[in-house]
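Everything below concerns the one structure shown next.
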Amino acid sequence: MNRRVVVGVDSSTQSCKVVSVDADTGELLQQRSAPHPDGTSINPERWWEAFEKAGGAAAAQGEGGVLALGVSAQQHGMVALDSVGAPVHDALLWNDVRSAPQAAALTEKYGASMWAEEVGLVPVASFTITKLAWLHENRPELATRVDQVMLPHDWLTWNILGRPAEATTDRSDASGTGYFSVHSNEYRHDLLEAALGHAARVPRVLGPFEQAGVTPGGVIISAGAGDNAAAALGLGAEEGDVVVSIGTSGTVFASTVARIADASGSVAGFADAAGGQLPLLATINGARTLVATAGMLGVDIERFGALALAAPIDADGLLMLPYLDGERTPNLPDATGSLTGMRRANMRPENLAQASVLGLVCGLADALDSLRSQGVPVRQVILIGGGSQSPAVQKIAADVFGVPVVLPVPGEYVALGAARQAAWALDGDFPLWKREIATELAPSSTRDWAIDVRARYAEQRELIYAV
Ligand SMILES: Nc1ncnc2c1ncn2[C@@H]1O[C@H](COP(=O)(O)OP(=O)(O)O)[C@@H](O)[C@H]1O
Ligand SMILES: O=C(CO)[C@@H](O)[C@H](O)COP(=O)(O)O
């Protein structure tokens, strides 16, 4: 019997991944990727070029017998288009912190409780609405030209469908804008206008398995999703599963029924891609903490992993707070990284490597504690993302997180989730693909060392950044 092929796309911060999957079994058939330029702002055409290089554009026109395709992408990016569909400014990405002052002003103007209760999140620089406010305040001549605002996944879907009069999005990605209410499932046009200075068109929000359209090649295009919501779909995350993704961002999230309204702003009450909720915390400094430290040591990422594994598990007291690009969790957009606990005896390359691993994982453990404090059940952590492939991360994760940690077979779970959504849109039934086999990461005989490291990490964070 001929396979029915669906395709999933993950247009993430650093690259575009395209996976071809058997629609009936979920078996991975092909996987390709192409890099994106570095930076926190980008001309969206670079996303299209990578999408083409990774085979996505051809698949979207039916090459290889593709029946359906779904696009997932990095969340929050501001794609502000004029009346002819051209960007008025490079897209400001989730990890661009220039709109931090606007985030603080929006929070002050309406109050954190309103944002948490009505919109589900409290503005920080990552969220689209703050970027529109930045444009309005700093480039008013461009802001007045904005006709419509999209997110990265919306813009790719819109281009795949030949730039129809009405763009589309989905609830999971809309929930990360700051001008959409997960409670009413309606846009808050008033908040968008307050930020941008005038009204602007926004994409129609599709249901979980609604079709965005069909390409001239006959390929059904699904609604798409924000990347973390797509990962939850790809993993088949269940109540009690908390996904920790170590990609460019570090994210900690769960697919739940209960809505979250965290006025502290730590936990964002996003929507998932299946009609539920996706409470989430994100750090700006994910796997690139390890990559930057490897660069400082003059070694590649494999050698970095070996160095970290060779160090004492607590880095012999060396401690890094890896706020290398500013930080979102905790909300310290102007912070820089710090290295403390240095002694002549511990100033060794392996200790620096391990300190960066500990700094990354301790920050994610803090996020896990915040998620738990909002009533989200934590039965196990499912560890994904490029950084999860680090043997040094795998060695300490169970001890530092303090709960069972499972590692699925290496895979692009965001793109797989987008493919699963495409199969859902194709058939109208959620595909019951087999759940990936996962390996439980063995904890140490005692996690006392991890409790001590986390306490010292918290002490330094409070001492240096007062959070
Ligand atoms: N073994 C490893 N150890 C540490 N970092 C790794 C390893 N393998 C990949 N990475 C890093 O993971 C990141 C890519 O992960 P990915 O989840 O694809 O990110 P994104 O989805 O944000 O583009 C890159 O920064 C890469 O250098
Ligand atoms: O801002 C968030 C979630 O709120 C990030 O998770 C982005 O969605 C970027 O994802 P990656 O490129 O790191 O996968």
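Labels for the structure tokens follow display order: chains A, B, ..., residues from 1 in each chain, ligands from 1.
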List as CSV every residue of chain A that is in contact with ligand 2, defined as an atom at most 8 Å from one of its atoms (using only C-alpha atoms and all ligand atoms), together with the nearest atom pair and the distance in Å rounded to one decimal, sorted by chain and then rising number.
residue,atom,partner,partner_atom_place_in_ligand_line,distance
A:Ser11,CA,ligand 2,12 (O),7.7
A:Ser12,CA,ligand 2,12 (O),4.0
A:Thr13,CA,ligand 2,12 (O),3.7
A:Gln14,CA,ligand 2,12 (O),6.3
A:Ala73,CA,ligand 2,8 (O),6.8
A:Gln74,CA,ligand 2,8 (O),3.7
A:Gln75,CA,ligand 2,8 (O),3.9
A:His76,CA,ligand 2,1 (O),6.4
A:Trp94,CA,ligand 2,1 (O),4.9
A:Asn95,CA,ligand 2,1 (O),6.8
A:Ser126,CA,ligand 2,1 (O),6.1
A:Phe127,CA,ligand 2,1 (O),7.7
A:Gly176,CA,ligand 2,4 (O),6.8
A:Gly226,CA,ligand 2,8 (O),6.6
A:Asp227,CA,ligand 2,8 (O),5.5
A:Asn228,CA,ligand 2,6 (O),6.2
A:Ser245,CA,ligand 2,14 (O),7.7
A:Ile246,CA,ligand 2,13 (O),7.2
A:Gly247,CA,ligand 2,13 (O),4.5
A:Thr248,CA,ligand 2,13 (O),3.8
A:Ser249,CA,ligand 2,13 (O),3.6
A:Gly250,CA,ligand 2,13 (O),6.5
A:Thr251,CA,ligand 2,6 (O),5.8
A:Ala268,CA,ligand 2,4 (O),7.8
A:Leu280,CA,ligand 2,4 (O),7.0
A:Leu281,CA,ligand 2,4 (O),6.9
A:Ala282,CA,ligand 2,3 (C),5.6
A:Thr283,CA,ligand 2,5 (C),7.9
A:Ile284,CA,ligand 2,1 (O),7.7
A:Gly286,CA,ligand 2,13 (O),7.3
A:Gly385,CA,ligand 2,14 (O),7.7
Problem - DSSP strand (DSSP E or B) residues within segment 282-368 of chain A, as a PyMOL selection string - result: chain A and resi 282-283+319-321+324+326-327+332+338-340
Practice task
Go through A:Asp24, A:Pro431, A:Ser266, A:Leu319 one by one, measure the shortest atom-to-atom distance of each to Asn2 of chain A using only C-alpha atoms, and give the residue with the smallest value.
Solution key: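 The shortest atom-to-atom distance to Asn2 of chain A comes from A:Asp24.
Using only C-alpha atoms and all ligand atoms for every distance, the candidate list A:Leu151, A:Met320, A:Ile313, A:Ala230 yields A:Ala230 as the residue closest to ligand 1.
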Handout entry: d(atom CA of Thr289 of chain A, atom CA of Glu49 of chain A) in Å
Key =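 Interatomic distance here is 27.1 Å.
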Practice task
List the neighbours of Glu52 of chain A out to 12 Å using only C-alpha atoms; skip same-chain residues closer than 2 positions along the sequence, and give me the result as a ChimeraX atom specification.
Solution key: /A:9,11,15-18,32-36,45-50,54-61,156,159-160
So that I have them on file, write out the residues from the current selection with C-alpha atoms, as a PDB file, in the first residue's frame.
ATOM      1  CA  VAL A   9       7.932  22.395   9.344  1.00  0.00           C
ATOM      2  CA  SER A  11      10.963  27.492  11.341  1.00  0.00           C
ATOM      3  CA  SER A  15      17.107  26.997  11.342  1.00  0.00           C
ATOM      4  CA  CYS A  16      14.209  25.626   9.315  1.00  0.00           C
ATOM      5  CA  LYS A  17      13.561  21.896   9.711  1.00  0.00           C
ATOM      6  CA  VAL A  18      11.277  19.976   7.332  1.00  0.00           C
ATOM      7  CA  ARG A  32      16.092  18.166   6.046  1.00  0.00           C
ATOM      8  CA  SER A  33      17.144  21.535   7.461  1.00  0.00           C
ATOM      9  CA  ALA A  34      18.671  24.838   6.452  1.00  0.00           C
ATOM     10  CA  PRO A  35      20.143  27.558   8.718  1.00  0.00           C
ATOM     11  CA  HIS A  36      18.799  31.016   9.493  1.00  0.00           C
ATOM     12  CA  GLU A  45      12.479  36.503   3.303  1.00  0.00           C
ATOM     13  CA  ARG A  46      15.397  34.704   4.998  1.00  0.00           C
ATOM     14  CA  TRP A  47      12.856  32.306   6.542  1.00  0.00           C
ATOM     15  CA  TRP A  48      11.415  31.625   3.069  1.00  0.00           C
ATOM     16  CA  GLU A  49      14.877  30.992   1.617  1.00  0.00           C
ATOM     17  CA  ALA A  50      15.655  28.430   4.350  1.00  0.00           C
ATOM     18  CA  ALA A  54      15.053  22.491   3.255  1.00  0.00           C
ATOM     19  CA  GLY A  55      12.580  21.276   0.616  1.00  0.00           C
ATOM     20  CA  GLY A  56       9.483  22.798   2.186  1.00  0.00           C
ATOM     21  CA  ALA A  57       8.373  24.907  -0.755  1.00  0.00           C
ATOM     22  CA  ALA A  58       8.549  21.962  -3.165  1.00  0.00           C
ATOM     23  CA  ALA A  59       6.657  19.761  -0.715  1.00  0.00           C
ATOM     24  CA  ALA A  60       3.985  22.432  -0.342  1.00  0.00           C
ATOM     25  CA  GLN A  61       3.401  22.238  -4.096  1.00  0.00           C
ATOM     26  CA  LEU A 156       5.086  31.318   6.056  1.00  0.00           C
ATOM     27  CA  ASN A 159       3.205  32.808   1.500  1.00  0.00           C
ATOM     28  CA  ILE A 160       2.708  29.078   0.902  1.00  0.00           C
TER      29      ILE A 160
END
Handout entry: Distance of atom CA of Glu302 of chain A from atom CA of Asp316 of chain A, expressed in Å to one decimal place
Key = 21.5 Å
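If you measure from each of A:Ala438, A:Ala450, A:Val291, A:Val122 to ligand 1 using only C-alpha atoms and all ligand atoms, the closest one turns out to be A:Val291.
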Practice task
Please provide as a list in words all residues within 6 Å of Gly234 of chain A, with the sequence filter that same-chain residues fewer than 6 positions apart are discarded (counting only C-alpha atoms).
Solution key: Tyr413, Leu416 and Gly417 of chain A
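In this structure, atom CA of Thr169 of chain A sits 26.1 Å away from atom 13 (C, counted along the ligand's line) of ligand 1.
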Problem - DSSP helix (DSSP H, G or I) selection over segment 157-275 of chain A, as a ChimeraX atom specification - result: /A:157-160,171-174,189-196,227-235
How would the residues just chosen look if you wrote them out with C-alpha atoms as a PDB file, in the first residue's frame?
ATOM      1  CA  THR A 157       1.585  29.809   5.770  1.00  0.00           C
ATOM      2  CA  TRP A 158       0.374  32.983   4.041  1.00  0.00           C
ATOM      3  CA  ASN A 159       3.205  32.808   1.500  1.00  0.00           C
ATOM      4  CA  ILE A 160       2.708  29.078   0.902  1.00  0.00           C
ATOM      5  CA  ARG A 171      -4.903  29.803  18.963  1.00  0.00           C
ATOM      6  CA  SER A 172      -1.546  28.644  20.369  1.00  0.00           C
ATOM      7  CA  ASP A 173       0.487  31.261  18.490  1.00  0.00           C
ATOM      8  CA  ALA A 174      -2.130  34.003  18.835  1.00  0.00           C
ATOM      9  CA  HIS A 189      -7.949  44.944  19.350  1.00  0.00           C
ATOM     10  CA  ASP A 190      -8.010  47.698  21.969  1.00  0.00           C
ATOM     11  CA  LEU A 191      -4.667  46.571  23.355  1.00  0.00           C
ATOM     12  CA  LEU A 192      -3.112  46.258  19.892  1.00  0.00           C
ATOM     13  CA  GLU A 193      -4.271  49.772  19.004  1.00  0.00           C
ATOM     14  CA  ALA A 194      -2.956  51.162  22.281  1.00  0.00           C
ATOM     15  CA  ALA A 195       0.473  49.719  21.438  1.00  0.00           C
ATOM     16  CA  LEU A 196       0.702  50.438  17.712  1.00  0.00           C
ATOM     17  CA  ASP A 227       6.714  25.836  18.210  1.00  0.00           C
ATOM     18  CA  ASN A 228       6.247  24.753  21.796  1.00  0.00           C
ATOM     19  CA  ALA A 229       2.581  23.839  21.265  1.00  0.00           C
ATOM     20  CA  ALA A 230       3.648  21.832  18.224  1.00  0.00           C
ATOM     21  CA  ALA A 231       6.268  20.020  20.301  1.00  0.00           C
ATOM     22  CA  ALA A 232       3.539  19.003  22.763  1.00  0.00           C
ATOM     23  CA  LEU A 233       1.558  17.589  19.814  1.00  0.00           C
ATOM     24  CA  GLY A 234       4.630  15.829  18.444  1.00  0.00           C
ATOM     25  CA  LEU A 235       5.378  14.186  21.795  1.00  0.00           C
TER      26      LEU A 235
END
Problem - Minimum-distance residue to ligand 1, chosen among A:Gly162, A:Pro443, A:Pro37, A:Pro279 (using only C-alpha atoms and all ligand atoms) - result: A:Pro37
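Residues lying within 7 Å of segment 179-187 of chain A, counting only C-alpha atoms and ignoring same-chain neighbours fewer than 5 positions away, are Glu118, Val119, Gly120, Ile129, Ala174, Leu192 and Ala271 of chain A.
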Exercise for the section: Counting only C-alpha atoms, figure out which residue out of A:Arg420, A:Lys395, A:Arg201, A:His89 gets nearest to His136 of chain A. Expected result: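 Closest to His136 of chain A, using only C-alpha atoms: A:His89.
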